[in-house]
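Undergrad: I am attaching a structure below and will ask some questions about it afterwards.
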Amino acid sequence: MDSILVRGGQRLNGRIPISGAKNACLTLMPAALLCDEPLTLTNAPRLSDIRTMAALLESLGCEVAALQQGRVLVVGAERIANHRADYEIVRKMRASILVLGPMLARDGHAEVSLPGGCAIGARPVDLHLAGLEAMGAELDLRDGYVHAKAPRGLRGADFTFPMVSVGATENLLMAATLAKGTTRLINAAREPEIVDLARCLRRMGAQIAGEGTDTIEIQGVARLSGATHPVVTDRIELGTYMLAPAITGGEVELLGGKRELVEAFAERLEVAGIEVADTADGLRVSRQNGRIRPVDVVTAPHPGFPTDLQAQMMALLTLADGVSHLEERIFENRFMHAPELARMGAHIEVHGGTATVTGVERLRGAPVMATDLRASVSLILAGLAAEGETRVARVYHLDRGYERVEEKLSACGARIERITEKAA
Ligand code: UD1
């Protein structure tokens with residue numbers, strides 16, 4: 001199992017290219033199931049979660065070709081040969097549930113294992129299922145699988161989400177493109193990945209309005225066709241690397257970054273005393289001298305502060321000059337990084353959904369363990385600022401969502417390397 005070794009204490013200066021969004025790509029790939037012509041995705045990130053989705057789609061009978069070293073993906077679903085998404089693949093990644101809506105919409109039946117995924121809370125899929133039922137699907141949960149049928153096809157419906165869900169909005173948006181009549185998704189998620197999905201579906205011939213607002217209206221069409229679509233920039237990768245010069249000091253330009261993708265996050269960084277500026281090629285983030293100022297953070301659905309940047313923001317605030325509060329409102333169990341950061345000298349108290357971080361003057365390197373994707377990168381950020389060596393174990397979590405971390409950070413002067421342990 002690989003680990004990442006960081007020798008901290010270097011200021012970072014340079015440029016980091018930001019990849020296409022993992023979470024957008026994971027919903028764009030299953031959109032290919034909606035039609036019998038290939039969907040070409042450019043600007044795809046090269047990550048293990050993407051390979052897992054490719055394997056899942058292949059198991060359903062799709063052809064997936066990775067061109068240009070994986071930067072371009074061509075997904076062809078001329079025919080769905082198998083409508084069962086098996087537990088063995090689905091358990092690796094929760095986003096697998098996103099094949100349900102498209103398969104059901106196109107062929108009127110699908111079986112999908114209930115997902116696993118990051119251990120950050122209960123994360124049920126009840127909203128995905130309730131929405132599909134509102135569109136006329138008959139669902140049966142048995143043997144750990146959702147057995148879904150819509151023998152006469154899905155029909156348009158009004159569906160109000162009782163809480164905002166990114167994945168359920170994506171599943172229903174895809175399903176509604178081929179339903180008979182009009183669907184209105186009310187209290188829908190507004191994340192940039194939803195906007196990107198809607199744009200791609202529109203290129204495929206779908207009729208959609210209102211994406212990026214809380215009500216999306218979809219007029220069903222009889223068929224969709226192939227298209228080529230560039231994956232939107234990864235705002236979580238962008239935010240993560242914005243924190244690198246923030247925590248170490250220095251100045252880094254994030255190539256392809258756009259402030260509108262990370263507005264709420266950038267605003268909190270500025271309150272913490274970090275400079276964020278637009279450039280011709282992206283965003284420039286710098287911290288010259290002085291301590292980081294404490295800030296309070298509350299995670300919320302977009303356009304609020306993203307839960308996927310909470311762990312990394314906590315790493316920054318461990319070094320602030322005062323007390324910060326981080327309130328997690330999306331996932332109930334998302335502070336597993338706190339005890340690991342404490343091993344590096346951070347002062348963090350967690351009570352329910354709120355972490356109170358009392359800043360310290362310095363962190364010290366330590367052996368730590370990654371417990372989920374965003375937690376793992378928060379430990380790397382802390383390691384960049386810590387004195388001495390930090391060894392982050394279990395980096396397979398990291399490889400699910402960050403492409404070439406060592407390369408991107410070492411290009412800016414970080415001392416970071418991957419240690420590959422040979423099996424005994
Ligand atoms: C997506 C992102 C993930 C991000 C999350 C919130 C992908 C592949 N993953 O996950 O990185 O952290 O959005 O921004 O895009 N919920 C239910 N029932 C459901 C669905 C969700 O109760 O049927 C709850 C969840 O447990 C959670 C909240 O709703 O508390 C938000 O979850 P959701 O937005 O659905 O997250 P994902 O789509 O799984």
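Each chain in the structure tokens gets a letter, A, B, ..., in the order shown, and its residues are numbered from 1; ligands are numbered from 1 in order too.
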Identify, counting only C-alpha atoms and all ligand atoms, the protein, DNA and RNA residues located within 8 Å of ligand 1, and give them as a PyMOL selection string.
TA: chain A and resi 22-24+26-27+94-95+121-129+163-169+189+191+193+300-302+306-308+329-332
Undergrad: Give me, as a list in words, all polymer residues having an atom no more than 8 Å from Arg284 of chain A, counting only C-alpha atoms and skipping those fewer than 6 positions away in the same chain.
TA: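 The residues satisfying every condition are Glu251, Val252, Glu253, Leu254, Glu275, Val276, Ala277 and Asp278 of chain A.
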Undergrad: Could you write those residues out with all heavy atoms, as a compact mmCIF listing (two decimals), in the first residue's frame?
TA:
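Okay, result-v8.txt is ready:
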```txt
# COMPACT_ATOMS: atom_id res chain seq x y z
N GLU A 251 3.26 32.03 -3.07
CA GLU A 251 2.30 32.50 -4.07
C GLU A 251 2.17 31.46 -5.18
O GLU A 251 3.16 31.07 -5.79
CB GLU A 251 2.79 33.81 -4.67
CG GLU A 251 1.87 34.37 -5.72
CD GLU A 251 2.28 35.77 -6.15
OE1 GLU A 251 2.32 36.68 -5.30
OE2 GLU A 251 2.58 35.93 -7.35
N VAL A 252 0.95 31.00 -5.42
CA VAL A 252 0.74 29.97 -6.43
C VAL A 252 -0.41 30.40 -7.35
O VAL A 252 -1.43 30.92 -6.87
CB VAL A 252 0.43 28.60 -5.77
CG1 VAL A 252 0.00 27.57 -6.81
CG2 VAL A 252 1.65 28.08 -5.01
N GLU A 253 -0.20 30.17 -8.64
CA GLU A 253 -1.27 30.44 -9.61
C GLU A 253 -1.94 29.12 -9.97
O GLU A 253 -1.26 28.14 -10.32
CB GLU A 253 -0.70 31.12 -10.87
CG GLU A 253 -1.80 31.57 -11.81
CD GLU A 253 -1.26 32.28 -13.06
OE1 GLU A 253 -0.05 32.22 -13.32
OE2 GLU A 253 -2.09 32.88 -13.77
N LEU A 254 -3.26 29.10 -9.86
CA LEU A 254 -4.03 27.89 -10.15
C LEU A 254 -4.56 28.02 -11.56
O LEU A 254 -5.49 28.81 -11.81
CB LEU A 254 -5.18 27.74 -9.16
CG LEU A 254 -4.87 27.53 -7.67
CD1 LEU A 254 -3.80 26.48 -7.49
CD2 LEU A 254 -4.54 28.79 -6.94
N GLU A 275 -4.63 36.27 0.23
CA GLU A 275 -5.01 37.06 -0.94
C GLU A 275 -5.39 36.16 -2.10
O GLU A 275 -4.68 35.21 -2.43
CB GLU A 275 -3.82 37.94 -1.37
CG GLU A 275 -3.71 39.18 -0.52
CD GLU A 275 -2.48 39.98 -0.86
OE1 GLU A 275 -2.14 40.08 -2.06
OE2 GLU A 275 -1.86 40.47 0.09
N VAL A 276 -6.52 36.49 -2.72
CA VAL A 276 -7.00 35.73 -3.88
C VAL A 276 -7.23 36.74 -5.00
O VAL A 276 -7.95 37.71 -4.81
CB VAL A 276 -8.32 35.00 -3.56
CG1 VAL A 276 -8.81 34.20 -4.76
CG2 VAL A 276 -8.17 34.10 -2.33
N ALA A 277 -6.61 36.52 -6.17
CA ALA A 277 -6.78 37.47 -7.27
C ALA A 277 -6.99 36.71 -8.58
O ALA A 277 -6.44 35.63 -8.79
CB ALA A 277 -5.53 38.35 -7.38
N ASP A 278 -7.82 37.31 -9.45
CA ASP A 278 -8.00 36.74 -10.80
C ASP A 278 -6.78 37.03 -11.64
O ASP A 278 -6.21 38.12 -11.54
CB ASP A 278 -9.21 37.38 -11.48
CG ASP A 278 -10.50 37.06 -10.76
OD1 ASP A 278 -10.63 35.93 -10.28
OD2 ASP A 278 -11.37 37.96 -10.68
```
Undergrad: Would you tabulate, counting only C-alpha atoms, all residues of segment 234-352 of chain A that have an atom at most 6 Å from an atom of segment 376-399 of chain A, showing the closest pair of atoms and their distance in Å to one decimal, sorted by chain then ascending number, as a Markdown table?
TA:
```
| residue | atom | partner | partner_atom | distance |
| --- | --- | --- | --- | --- |
| A:Thr248 | CA | A:Ala385 | CA | 5.1 |
| A:Ala311 | CA | A:Ser378 | CA | 5.6 |
| A:Gln312 | CA | A:Ser378 | CA | 4.3 |
| A:Ala315 | CA | A:Ala382 | CA | 5.5 |
```
Undergrad: Only N, CA and C atoms, please: the residues just picked out, written as a PDB file, in the first residue's frame.
TA:
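Dumped everything to part_26.pdb:
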```pdb
ATOM      1  N   THR A 248       1.368  27.336   3.676  1.00  0.00           N
ATOM      2  CA  THR A 248       2.840  27.365   3.765  1.00  0.00           C
ATOM      3  C   THR A 248       3.387  28.781   3.648  1.00  0.00           C
ATOM      4  N   ALA A 311     -12.388  19.632   5.442  1.00  0.00           N
ATOM      5  CA  ALA A 311     -11.214  19.025   6.079  1.00  0.00           C
ATOM      6  C   ALA A 311      -9.953  19.832   5.761  1.00  0.00           C
ATOM      7  N   GLN A 312      -9.845  20.270   4.489  1.00  0.00           N
ATOM      8  CA  GLN A 312      -8.653  21.023   4.079  1.00  0.00           C
ATOM      9  C   GLN A 312      -8.625  22.387   4.764  1.00  0.00           C
ATOM     10  N   ALA A 315      -7.319  22.098   8.205  1.00  0.00           N
ATOM     11  CA  ALA A 315      -5.855  22.026   8.271  1.00  0.00           C
ATOM     12  C   ALA A 315      -5.276  23.438   8.341  1.00  0.00           C
TER      13      ALA A 315
END
```
Undergrad: Residues at most 8 Å from segment 51-64 of chain A, counting only C-alpha atoms, excluding those fewer than 5 positions away in the same chain, as a compact mmCIF listing (two decimals) with C-alpha atoms, in the first residue's frame?
TA:
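Written file, selection-v8.txt:
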```txt
# COMPACT_ATOMS: atom_id res chain seq x y z
CA LEU A 26 -18.73 10.59 -12.58
CA MET A 29 -20.05 9.08 -17.92
CA PRO A 30 -23.35 7.34 -17.00
CA LEU A 33 -26.26 5.18 -21.12
CA LEU A 73 -13.01 9.36 -22.60
CA VAL A 74 -15.32 7.94 -25.22
CA VAL A 75 -18.26 6.04 -23.74
CA GLY A 76 -20.44 4.09 -26.14
CA ALA A 77 -23.65 2.40 -25.05
CA GLU A 78 -24.96 1.13 -28.38
CA ARG A 79 -26.88 -1.48 -26.42
CA ILE A 80 -27.09 -2.08 -22.68
CA ALA A 81 -26.30 -5.78 -22.55
CA ASN A 82 -26.60 -6.20 -18.78
CA HIS A 83 -28.89 -4.13 -16.59
CA ARG A 84 -27.46 -5.24 -13.25
CA ALA A 85 -24.83 -3.07 -11.52
CA ILE A 89 -18.15 -2.69 -8.27
CA VAL A 90 -20.84 -0.53 -6.67
CA LYS A 92 -16.24 0.69 -4.18
CA MET A 93 -17.96 3.90 -5.10
CA SER A 96 -22.37 4.03 -9.02
```
Undergrad: Counting only C-alpha atoms, figure out which residue out of A:Gly220, A:Pro162, A:Gly20, A:Gly282 gets nearest to Ile208 of chain A.
TA: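 Checking each candidate against Ile208 of chain A, we get A:Gly220 as the closest.
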Undergrad: Can you list, as a list in words, every protein, DNA or RNA residue that comes within 8 Å of Glu421 of chain A when you count only C-alpha atoms, leaving out same-chain residues fewer than 2 positions away?
TA: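 In the requested form, the answer reads Met1, Asp2, Ser3, Ile419 and Ala423 of chain A.
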Undergrad: Can I get the selected residues back with N, CA, C and O atoms, as an mmCIF file, in the first residue's frame?
TA:
```cif
data_model
loop_
_atom_site.group_PDB
_atom_site.id
_atom_site.type_symbol
_atom_site.label_atom_id
_atom_site.label_comp_id
_atom_site.auth_asym_id
_atom_site.auth_seq_id
_atom_site.Cartn_x
_atom_site.Cartn_y
_atom_site.Cartn_z
ATOM 1 N N MET A 1 0.843 -1.200 0.000
ATOM 2 C CA MET A 1 0.000 0.000 0.000
ATOM 3 C C MET A 1 0.884 1.258 0.000
ATOM 4 O O MET A 1 1.811 1.339 0.798
ATOM 5 N N ASP A 2 0.587 2.206 -0.845
ATOM 6 C CA ASP A 2 1.441 3.398 -0.939
ATOM 7 C C ASP A 2 1.200 4.348 0.225
ATOM 8 O O ASP A 2 0.129 4.388 0.811
ATOM 9 N N SER A 3 2.246 5.120 0.534
ATOM 10 C CA SER A 3 2.041 6.243 1.442
ATOM 11 C C SER A 3 2.722 7.470 0.829
ATOM 12 O O SER A 3 3.473 7.357 -0.146
ATOM 13 N N ILE A 419 5.819 6.765 -1.472
ATOM 14 C CA ILE A 419 6.594 5.589 -1.095
ATOM 15 C C ILE A 419 5.752 4.365 -1.423
ATOM 16 O O ILE A 419 4.644 4.221 -0.898
ATOM 17 N N ALA A 423 4.566 -5.667 -1.524
ATOM 18 C CA ALA A 423 3.841 -6.657 -0.712
ATOM 19 C C ALA A 423 4.850 -7.612 -0.084
ATOM 20 O O ALA A 423 5.837 -7.996 -0.716
#
```
Undergrad: Near Glu138 of chain A, counting only C-alpha atoms, which residues have an atom at most 9 Å away, once you skip same-chain residues fewer than 6 positions from it, shown as JSON, numbers by chain?
TA: {"A": [132, 147, 148, 149, 150, 151]}
Undergrad: Could you please determine the separation between atom CA of Asp321 of chain A and atom CA of Ala375 of chain A in Å, to one decimal place?
TA: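 So the answer is 22.5 Å.
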Undergrad: Quick one: DSSP alpha helix (DSSP H) residues in segment 139-221 of chain A, as a count of residues only?
TA: 23
Undergrad: Do you have the atom CA of Ile18 of chain A-atom CA of Arg362 of chain A distance handy?
TA: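 Distance reported for this atom pair: 28.7 Å.
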Undergrad: Atom CA of Arg334 of chain A and atom CA of Ile186 of chain A, how far apart in Å?
TA: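 Computed distance, atom CA of Ile186 of chain A to atom CA of Arg334 of chain A, equals 27.2 Å.
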Undergrad: Restricting the calculation to only C-alpha atoms, which member of A:Met313, A:Leu238, A:Cys412, A:Ala66 is positioned closest to Gly250 of chain A?
TA: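 Nearest candidate to Gly250 of chain A out of A:Met313, A:Leu238, A:Cys412, A:Ala66: A:Cys412.
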Undergrad: Set the distance at 6 Å and use only C-alpha atoms: which residues neighbour Asp281 of chain A once local chain neighbours fewer than 2 positions away are removed? I'd like the list as a list in words.
TA: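 Residues near the query, excluding close chain neighbours: Leu255, Gly256 and Thr279 of chain A.
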